[in-house]
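Structure data (CSV, C-alpha atoms) from final.csv:
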```csv
chain,number,residue,atom,x,y,z
A,238,MET,CA,0.0,0.0,0.0
A,239,GLN,CA,2.8,2.4,1.0
A,240,ILE,CA,4.8,1.7,-2.1
A,241,VAL,CA,1.8,2.3,-4.3
A,242,LEU,CA,1.1,5.6,-2.6
A,243,THR,CA,4.8,6.6,-3.0
A,244,ILE,CA,4.7,5.9,-6.7
A,245,ILE,CA,1.5,8.0,-7.0
A,246,SER,CA,3.2,10.8,-5.0
A,247,VAL,CA,6.1,10.8,-7.3
A,248,ILE,CA,3.8,11.0,-10.3
A,249,VAL,CA,1.9,13.9,-8.6
A,250,ILE,CA,5.2,15.8,-8.0
A,251,ILE,CA,6.3,15.4,-11.6
A,252,ILE,CA,2.9,16.4,-13.0
A,253,SER,CA,2.7,19.4,-10.7
A,254,PHE,CA,6.1,20.7,-11.6
A,255,LEU,CA,5.5,20.3,-15.3
A,256,TYR,CA,2.1,22.1,-14.9
A,257,MET,CA,3.7,25.0,-12.9
A,258,ARG,CA,6.4,25.4,-15.5
A,259,LYS,CA,3.9,25.3,-18.4
A,260,ALA,CA,1.5,27.8,-16.6
A,261,ALA,CA,4.4,30.2,-15.9
A,262,ALA,CA,5.7,30.0,-19.4
A,263,SER,CA,2.3,30.5,-21.1
A,264,GLY,CA,1.3,33.3,-18.8
A,265,ALA,CA,-1.8,31.5,-17.6
A,266,ALA,CA,-0.7,31.8,-14.0
A,267,GLU,CA,-0.5,35.6,-14.3
A,268,ASN,CA,-4.1,35.8,-15.5
A,269,SER,CA,-5.5,33.5,-12.9
A,270,LYS,CA,-7.2,34.7,-9.7
A,271,THR,CA,-4.9,35.4,-6.8
A,272,VAL,CA,-5.2,34.4,-3.1
A,273,GLY,CA,-3.5,35.9,-0.1
A,274,PHE,CA,-2.6,35.4,3.5
A,275,VAL,CA,-6.2,35.4,4.8
A,276,ASP,CA,-7.3,32.7,2.4
A,277,ALA,CA,-4.3,30.6,3.6
A,278,VAL,CA,-5.2,31.0,7.3
A,279,GLY,CA,-8.8,30.1,6.5
A,280,TRP,CA,-7.8,26.9,4.7
A,281,GLY,CA,-5.4,26.1,7.5
A,282,ILE,CA,-8.1,26.4,10.1
A,283,MET,CA,-10.4,24.2,8.0
A,284,SER,CA,-7.7,21.5,7.7
A,285,LEU,CA,-7.3,21.7,11.5
A,286,GLY,CA,-11.0,21.1,11.8
A,287,VAL,CA,-10.7,18.0,9.6
A,288,ILE,CA,-8.0,16.7,11.9
A,289,MET,CA,-10.2,17.3,14.9
A,290,LEU,CA,-13.0,15.2,13.3
A,291,PHE,CA,-10.6,12.3,13.1
A,292,MET,CA,-9.1,12.6,16.6
A,293,PRO,CA,-11.6,10.4,18.3
A,294,TRP,CA,-10.8,7.6,15.8
A,295,ALA,CA,-7.0,8.3,16.3
A,296,ALA,CA,-7.3,8.2,20.1
A,297,GLY,CA,-9.1,4.8,19.9
A,298,ALA,CA,-6.5,3.4,17.5
A,299,LEU,CA,-3.5,4.8,19.5
A,300,GLU,CA,-4.7,3.3,22.8
A,301,LYS,CA,-4.3,-0.1,21.3
A,302,LEU,CA,-0.6,0.4,20.5
A,303,THR,CA,1.5,-1.4,23.0
A,304,TRP,CA,4.1,1.4,23.6
A,305,VAL,CA,1.6,4.2,24.1
A,306,LYS,CA,1.1,4.8,27.8
A,307,GLY,CA,-2.3,6.4,28.2
A,308,ASP,CA,-6.0,5.9,27.9
A,309,GLN,CA,-8.3,7.0,25.1
A,310,PHE,CA,-9.5,10.0,27.0
A,311,GLY,CA,-6.0,11.2,27.8
A,312,ILE,CA,-4.8,10.9,24.2
A,313,LEU,CA,-7.9,12.6,22.9
A,314,MET,CA,-7.6,15.5,25.4
A,315,SER,CA,-3.9,16.0,24.7
A,316,GLY,CA,-4.4,15.8,20.9
A,317,SER,CA,-7.2,18.4,21.2
A,318,TYR,CA,-5.0,20.6,23.3
A,319,VAL,CA,-2.1,20.8,20.8
A,320,ILE,CA,-4.5,21.4,17.8
A,321,GLY,CA,-6.3,24.0,19.9
A,322,VAL,CA,-3.0,25.9,20.3
A,323,LEU,CA,-2.7,26.2,16.5
A,324,VAL,CA,-6.3,27.3,16.1
A,325,PHE,CA,-5.6,30.0,18.7
A,326,ILE,CA,-2.5,31.2,16.8
A,327,SER,CA,-4.4,31.2,13.5
A,328,GLY,CA,-7.3,33.2,15.1
A,329,LEU,CA,-4.8,35.6,16.6
A,330,ALA,CA,-3.2,36.2,13.3
A,331,LEU,CA,-6.5,36.9,11.7
A,332,ALA,CA,-7.6,39.2,14.5
A,333,LEU,CA,-4.3,41.2,14.3
A,334,THR,CA,-4.7,41.7,10.6
A,335,SER,CA,-8.5,42.4,10.5
A,336,GLY,CA,-9.4,45.4,8.4
A,337,GLN,CA,-6.3,45.0,6.2
A,338,GLU,CA,-7.0,43.8,2.7
A,339,ASP,CA,-4.7,41.5,0.8
A,340,GLY,CA,-2.6,43.2,-1.8
A,341,GLU,CA,-2.7,46.6,-0.2
B,255,MET,CA,15.5,44.0,-1.9
B,256,THR,CA,13.5,44.7,1.3
B,257,ALA,CA,11.8,41.9,3.2
B,258,ILE,CA,8.4,41.2,1.7
B,259,SER,CA,5.3,41.2,3.8
B,260,PHE,CA,3.1,38.1,3.9
B,261,LYS,CA,0.1,40.4,3.8
B,262,THR,CA,0.9,42.0,0.5
B,263,TYR,CA,2.0,39.0,-1.5
B,264,ASN,CA,-0.9,37.4,-3.4
B,265,VAL,CA,-0.2,34.2,-5.2
B,266,PRO,CA,-2.0,33.0,-8.3
B,267,THR,CA,-4.3,30.1,-7.6
B,268,THR,CA,-2.7,28.1,-10.4
B,269,PHE,CA,0.5,27.9,-8.4
B,270,VAL,CA,-1.3,27.1,-5.1
B,271,TYR,CA,-3.3,24.3,-6.7
B,272,ALA,CA,-0.1,22.8,-8.2
B,273,LEU,CA,2.4,23.4,-5.4
B,274,ILE,CA,0.5,22.3,-2.4
B,275,PRO,CA,-0.3,18.7,-3.7
B,276,ALA,CA,3.3,18.5,-4.9
B,277,ALA,CA,4.5,19.5,-1.4
B,278,VAL,CA,2.3,17.0,0.3
B,279,ALA,CA,3.5,14.3,-2.1
B,280,LEU,CA,7.1,15.3,-1.5
B,281,ASN,CA,6.5,15.0,2.3
B,282,VAL,CA,4.9,11.5,1.8
B,283,VAL,CA,7.8,10.3,-0.3
B,284,GLY,CA,10.3,11.7,2.2
B,285,SER,CA,8.5,10.0,5.1
B,286,PHE,CA,8.4,6.7,3.1
B,287,ILE,CA,12.2,6.8,2.4
B,288,ASN,CA,12.8,7.5,6.1
B,289,HIS,CA,10.4,4.7,7.2
B,290,THR,CA,11.9,2.2,4.8
B,291,LEU,CA,15.6,2.9,5.5
B,292,LYS,CA,14.9,3.3,9.2
B,293,LEU,CA,16.8,6.6,9.3
B,294,PRO,CA,17.2,8.5,12.5
B,295,MET,CA,15.2,11.4,11.0
B,296,PHE,CA,11.7,12.3,9.7
B,297,LEU,CA,12.1,13.9,6.2
B,298,ASP,CA,8.4,14.7,6.2
B,299,MET,CA,8.8,18.5,6.1
B,300,ILE,CA,10.7,19.2,2.9
B,301,GLY,CA,7.5,20.1,0.9
B,302,THR,CA,6.3,22.1,3.9
B,303,ALA,CA,9.5,24.2,3.8
B,304,VAL,CA,9.2,24.7,0.0
B,305,VAL,CA,5.6,26.0,0.3
B,306,ALA,CA,6.2,28.1,3.4
B,307,ILE,CA,9.3,29.8,1.9
B,308,THR,CA,7.8,30.2,-1.6
B,309,ILE,CA,4.2,31.2,-1.2
B,310,GLY,CA,3.9,32.0,2.5
B,311,PRO,CA,3.9,30.5,6.0
B,312,TRP,CA,0.2,29.9,6.2
B,313,TRP,CA,0.1,27.9,3.0
B,314,GLY,CA,2.9,25.9,4.5
B,315,VAL,CA,0.7,25.3,7.5
B,316,LEU,CA,-2.0,23.9,5.2
B,317,ALA,CA,0.5,21.7,3.4
B,318,GLY,CA,1.9,20.4,6.7
B,319,ILE,CA,-1.5,19.6,8.1
B,320,MET,CA,-2.6,17.9,4.9
B,321,THR,CA,0.6,15.8,5.0
B,322,ASN,CA,0.0,14.5,8.5
B,323,THR,CA,-3.6,13.8,7.8
B,324,THR,CA,-2.6,11.8,4.8
B,325,LEU,CA,0.1,10.0,6.7
B,326,GLY,CA,-2.3,9.3,9.5
B,327,PHE,CA,-4.4,7.1,7.3
B,328,LEU,CA,-1.5,5.4,5.6
B,329,THR,CA,1.1,4.8,8.3
B,330,GLY,CA,-1.1,4.9,11.4
B,331,PRO,CA,-2.7,7.6,13.6
B,332,ILE,CA,0.6,8.5,15.3
B,333,SER,CA,1.3,11.3,12.8
B,334,LEU,CA,-2.1,13.1,13.4
B,335,PRO,CA,-1.2,15.0,16.6
B,336,PHE,CA,2.2,15.8,15.1
B,337,ALA,CA,0.5,18.0,12.5
B,338,ALA,CA,1.0,20.8,15.0
B,339,CYS,CA,4.8,20.3,14.6
B,340,ASN,CA,4.6,20.5,10.9
B,341,ALA,CA,2.5,23.7,11.1
B,342,ILE,CA,4.9,25.3,13.6
B,343,GLY,CA,7.8,24.4,11.3
B,344,ALA,CA,6.0,26.1,8.4
B,345,LEU,CA,5.5,29.3,10.4
B,346,VAL,CA,9.1,29.6,11.4
B,347,TRP,CA,10.4,28.8,7.9
B,348,GLY,CA,7.9,31.2,6.2
B,349,TYR,CA,8.3,34.1,8.6
B,350,GLY,CA,12.0,33.5,9.0
B,351,VAL,CA,12.7,34.0,5.3
B,352,ARG,CA,10.4,37.0,5.2
B,353,TRP,CA,12.3,38.6,8.1
B,354,GLY,CA,15.6,38.2,6.3
B,355,PHE,CA,16.8,34.8,7.6
B,356,GLY,CA,17.2,33.6,4.0
B,357,LYS,CA,19.6,36.3,2.7
B,358,THR,CA,22.9,34.5,3.4
B,359,PHE,CA,24.0,30.9,3.7
B,360,THR,CA,24.8,31.4,7.4
B,361,ARG,CA,21.4,33.0,8.2
B,362,PHE,CA,19.6,30.2,6.4
B,363,PHE,CA,21.6,27.6,8.3
B,364,LEU,CA,20.6,29.5,11.5
B,365,LEU,CA,17.0,29.4,10.4
B,366,SER,CA,17.2,25.6,10.1
B,367,LEU,CA,18.4,25.4,13.7
B,368,LEU,CA,15.5,27.7,14.8
B,369,VAL,CA,13.0,25.5,13.0
B,370,ALA,CA,14.5,22.4,14.7
B,371,LEU,CA,14.2,24.1,18.1
B,372,ALA,CA,10.6,25.3,17.5
B,373,VAL,CA,9.5,21.9,16.2
B,374,THR,CA,11.1,20.1,19.2
B,375,LEU,CA,9.5,22.4,21.7
B,376,MET,CA,6.1,21.6,20.0
B,377,ALA,CA,6.9,17.9,19.8
B,378,VAL,CA,8.0,17.3,23.4
B,379,PRO,CA,4.5,17.9,25.0
B,380,ILE,CA,3.0,15.7,22.3
B,381,TYR,CA,5.5,12.9,23.0
B,382,VAL,CA,5.0,13.2,26.8
B,383,PHE,CA,1.3,13.9,27.2
B,384,VAL,CA,-0.2,12.1,24.2
B,385,PHE,CA,2.1,9.1,23.8
B,386,GLY,CA,3.8,8.8,27.2
B,387,GLY,CA,7.3,9.4,25.8
B,388,ALA,CA,7.5,6.8,22.9
B,389,THR,CA,6.1,6.7,19.4
B,390,GLY,CA,8.0,3.7,17.9
B,391,HIS,CA,10.5,6.1,16.2
B,392,PHE,CA,14.3,5.5,16.2
B,393,SER,CA,14.8,8.3,18.7
B,394,ASP,CA,13.0,6.2,21.3
B,395,VAL,CA,16.2,4.3,21.8
B,396,MET,CA,18.0,7.4,22.9
B,397,THR,CA,15.0,8.4,25.1
B,398,ALA,CA,15.1,5.0,26.8
B,399,SER,CA,18.9,5.3,27.3
B,400,LEU,CA,18.6,8.8,28.8
B,401,LEU,CA,15.7,7.6,31.1
B,402,GLY,CA,18.0,4.7,32.2
B,403,MET,CA,20.6,7.3,33.1
B,404,GLY,CA,18.2,8.8,35.5
B,405,GLN,CA,16.9,11.8,33.4
B,406,ARG,CA,13.3,12.9,33.7
B,407,LEU,CA,10.9,12.0,30.9
B,408,GLY,CA,10.5,15.5,29.5
B,409,VAL,CA,14.3,16.1,29.5
B,410,ALA,CA,15.0,12.7,27.9
B,411,VAL,CA,12.4,13.3,25.2
B,412,PHE,CA,13.7,16.8,24.5
B,413,SER,CA,17.3,15.7,24.4
B,414,SER,CA,16.7,12.8,22.0
B,415,ASN,CA,14.3,14.8,19.8
B,416,ILE,CA,16.5,17.9,19.4
B,417,ILE,CA,19.4,15.7,18.1
B,418,VAL,CA,17.2,14.0,15.5
B,419,SER,CA,15.3,17.2,14.7
B,420,LEU,CA,18.5,19.2,14.1
B,421,ALA,CA,19.8,16.7,11.6
B,422,ASP,CA,16.4,16.5,9.9
B,423,LYS,CA,15.7,20.2,9.6
B,424,ILE,CA,19.1,21.1,8.3
B,425,ILE,CA,18.9,18.4,5.6
B,426,SER,CA,15.2,19.4,4.8
B,427,SER,CA,16.0,23.1,4.6
B,428,PHE,CA,18.8,22.6,2.1
B,429,ILE,CA,16.9,20.1,0.0
B,430,ALA,CA,14.0,22.6,0.0
B,431,LEU,CA,16.4,25.3,-1.2
B,432,ALA,CA,17.5,23.1,-4.1
B,433,VAL,CA,13.8,22.4,-4.9
B,434,ILE,CA,13.0,26.1,-4.8
B,435,GLU,CA,15.8,26.7,-7.4
B,436,ALA,CA,14.0,24.3,-9.8
B,437,LEU,CA,10.7,26.2,-9.5
B,438,PRO,CA,9.6,28.6,-12.2
B,439,PRO,CA,11.1,32.1,-11.7
B,440,ALA,CA,7.6,33.6,-11.7
B,441,LEU,CA,7.0,31.8,-8.4
B,442,THR,CA,10.3,32.7,-6.7
B,443,ALA,CA,11.2,36.1,-8.1
B,444,HIS,CA,9.8,37.9,-5.0
B,445,LEU,CA,12.0,35.9,-2.7
B,446,ASP,CA,15.1,37.4,-1.1
B,447,ILE,CA,16.8,34.1,-0.6
B,448,VAL,CA,20.3,32.7,-1.0
B,449,LYS,CA,21.0,30.6,-4.1
B,450,ALA,CA,21.2,26.9,-3.5
B,451,PRO,CA,24.8,26.0,-2.7
B,452,LYS,CA,26.6,23.5,-4.9
B,453,LEU,CA,25.2,20.0,-4.4
B,454,GLN,CA,28.6,18.8,-3.3
B,455,LEU,CA,28.5,21.2,-0.3
B,456,VAL,CA,25.0,20.0,0.6
B,457,LEU,CA,26.2,16.4,0.5
B,458,TRP,CA,29.1,17.2,2.8
B,459,ILE,CA,26.8,18.9,5.3
B,460,ALA,CA,24.3,16.0,5.1
B,461,LEU,CA,27.1,13.5,5.6
B,462,ALA,CA,28.5,15.5,8.6
B,463,THR,CA,25.1,15.7,10.1
B,464,VAL,CA,24.3,12.0,9.7
B,465,LEU,CA,27.8,11.1,11.2
B,466,SER,CA,27.1,13.5,14.1
B,467,VAL,CA,23.8,11.8,14.8
B,468,GLY,CA,25.4,8.4,14.5
B,469,ILE,CA,28.1,9.3,17.0
B,470,ALA,CA,25.5,10.8,19.4
B,471,ILE,CA,23.4,7.6,19.2
B,472,PHE,CA,26.4,5.5,19.8
B,473,VAL,CA,27.5,7.6,22.8
B,474,THR,CA,24.0,7.6,24.4
B,475,THR,CA,23.3,3.9,23.8
B,476,ALA,CA,26.8,2.9,25.0
B,477,GLY,CA,26.4,5.1,28.1
```
Structure translated into structure tokens:
Amino acid sequence: MQIVLTIISVIVIIISFLYMRKAAASGAAENSKTVGFVDAVGWGIMSLGVIMLFMPWAAGALEKLTWVKGDQFGILMSGSYVIGVLVFISGLALALTSGQEDGE
Amino acid sequence: MTAISFKTYNVPTTFVYALIPAAVALNVVGSFINHTLKLPMFLDMIGTAVVAITIGPWWGVLAGIMTNTTLGFLTGPISLPFAACNAIGALVWGYGVRWGFGKTFTRFFLLSLLVALAVTLMAVPIYVFVFGGATGHFSDVMTASLLGMGQRLGVAVFSSNIIVSLADKIISSFIALAVIEALPPALTAHLDIVKAPKLQLVLWIALATVLSVGIAIFVTTAG
């Protein structure tokens, strides 16, 4: 499974690089819509939300590993804590830049 | 060239849609190589560094989190909580370059060390509180040795993780620099970053780092 995924990943890397080079050379990239810092933070917070959705499953699976010392609740609580720190930082970054438009 | 602001640089969506999947794939490949060869490193942040430096720290955060989510389903849920480390690394790389840490070779090397320190500081609480000190990684051997020498769990995890992290982030940073060189100039023209050093120099640094880690592992396990 991992080797298949790695081969797919290598193909993705090659295609992406070729696509970027083609888009840059043809000028298509310059004509496309642009996105800025706020969009990136927004997408980042959304991806953290996706991780949070899977944390209960992860906590259950981690508890079964022999070398993990901790119960399901402890793992879930700690995992939520570290992801919560990032959500806080992201929110702070947005709050500090509120009212400033991208590209100004 | 003055340091660019992350707030004023807008990136074409064409590059975002192409670069982020490529970065995630690069991280997955790096992680697979590390997993297969059982190296005392991680190699799962090369793509994150490329994105954070090139199009911005918060896009790097997105690439890092996507990487760990992907790895979570493929190699096991251990990598899920470590998404926070990948994100912190992206922020330090991204803002570091934008604050002038990429202008010279020395500064960029210093930035690699800062990333390693930041990632370790984020990783230690995860190791200790989520996993109880061990994740099945190579560095667990060093942690166990340090615990056997009478160190506290937090100190043992920090000591073993910082050694591995330093090697990993230095190598990742310079591989990322080489990858950035290969990107289209339209994507990297705004960057005030040092040119990739000759590959030979990178190889010497990588070799020296791997040897240092090997000696450190030998010393701790023998002790």
### Task
Determine, counting all atoms listed in the file, which protein, DNA and RNA residues have an atom within 10 Å of an atom of Thr329 (chain B); residues of the same chain fewer than 5 positions away are not included. Present the result as a ChimeraX atom specification.
/A:238-239 /B:285-286,289,322,324
Please check the contacts: residues of chain B at most 8 Å away from chain A, using only C-alpha atoms, listed as a CSV table (one decimal) with C-alpha atoms, in the coordinates of the input.
```
chain,number,residue,atom,x,y,z
B,260,PHE,CA,3.1,38.1,3.9
B,261,LYS,CA,0.1,40.4,3.8
B,262,THR,CA,0.9,42.0,0.5
B,263,TYR,CA,2.0,39.0,-1.5
B,264,ASN,CA,-0.9,37.4,-3.4
B,265,VAL,CA,-0.2,34.2,-5.2
B,266,PRO,CA,-2.0,33.0,-8.3
B,267,THR,CA,-4.3,30.1,-7.6
B,268,THR,CA,-2.7,28.1,-10.4
B,269,PHE,CA,0.5,27.9,-8.4
B,272,ALA,CA,-0.1,22.8,-8.2
B,273,LEU,CA,2.4,23.4,-5.4
B,275,PRO,CA,-0.3,18.7,-3.7
B,276,ALA,CA,3.3,18.5,-4.9
B,277,ALA,CA,4.5,19.5,-1.4
B,279,ALA,CA,3.5,14.3,-2.1
B,280,LEU,CA,7.1,15.3,-1.5
B,282,VAL,CA,4.9,11.5,1.8
B,283,VAL,CA,7.8,10.3,-0.3
B,286,PHE,CA,8.4,6.7,3.1
B,310,GLY,CA,3.9,32.0,2.5
B,312,TRP,CA,0.2,29.9,6.2
B,313,TRP,CA,0.1,27.9,3.0
B,315,VAL,CA,0.7,25.3,7.5
B,316,LEU,CA,-2.0,23.9,5.2
B,319,ILE,CA,-1.5,19.6,8.1
B,320,MET,CA,-2.6,17.9,4.9
B,323,THR,CA,-3.6,13.8,7.8
B,328,LEU,CA,-1.5,5.4,5.6
B,329,THR,CA,1.1,4.8,8.3
B,331,PRO,CA,-2.7,7.6,13.6
B,332,ILE,CA,0.6,8.5,15.3
B,334,LEU,CA,-2.1,13.1,13.4
B,335,PRO,CA,-1.2,15.0,16.6
B,338,ALA,CA,1.0,20.8,15.0
B,341,ALA,CA,2.5,23.7,11.1
B,380,ILE,CA,3.0,15.7,22.3
B,383,PHE,CA,1.3,13.9,27.2
B,384,VAL,CA,-0.2,12.1,24.2
B,385,PHE,CA,2.1,9.1,23.8
B,386,GLY,CA,3.8,8.8,27.2
B,387,GLY,CA,7.3,9.4,25.8
B,388,ALA,CA,7.5,6.8,22.9
B,389,THR,CA,6.1,6.7,19.4
B,390,GLY,CA,8.0,3.7,17.9
B,437,LEU,CA,10.7,26.2,-9.5
B,438,PRO,CA,9.6,28.6,-12.2
B,440,ALA,CA,7.6,33.6,-11.7
```
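Non-sequential neighbours of Leu364 (chain B) (distance at most 12 Å, separation of 3 or more positions within a chain, all atoms listed in the file) are Val346, Trp347, Gly350, Val351, Gly354, Phe355, Gly356, Lys357, Thr358, Phe359, Thr360, Arg361, Leu367, Leu368, Val369, Ala370, Leu371, Leu420, Lys423, Ile424, Ser427 and Phe428 of chain B.
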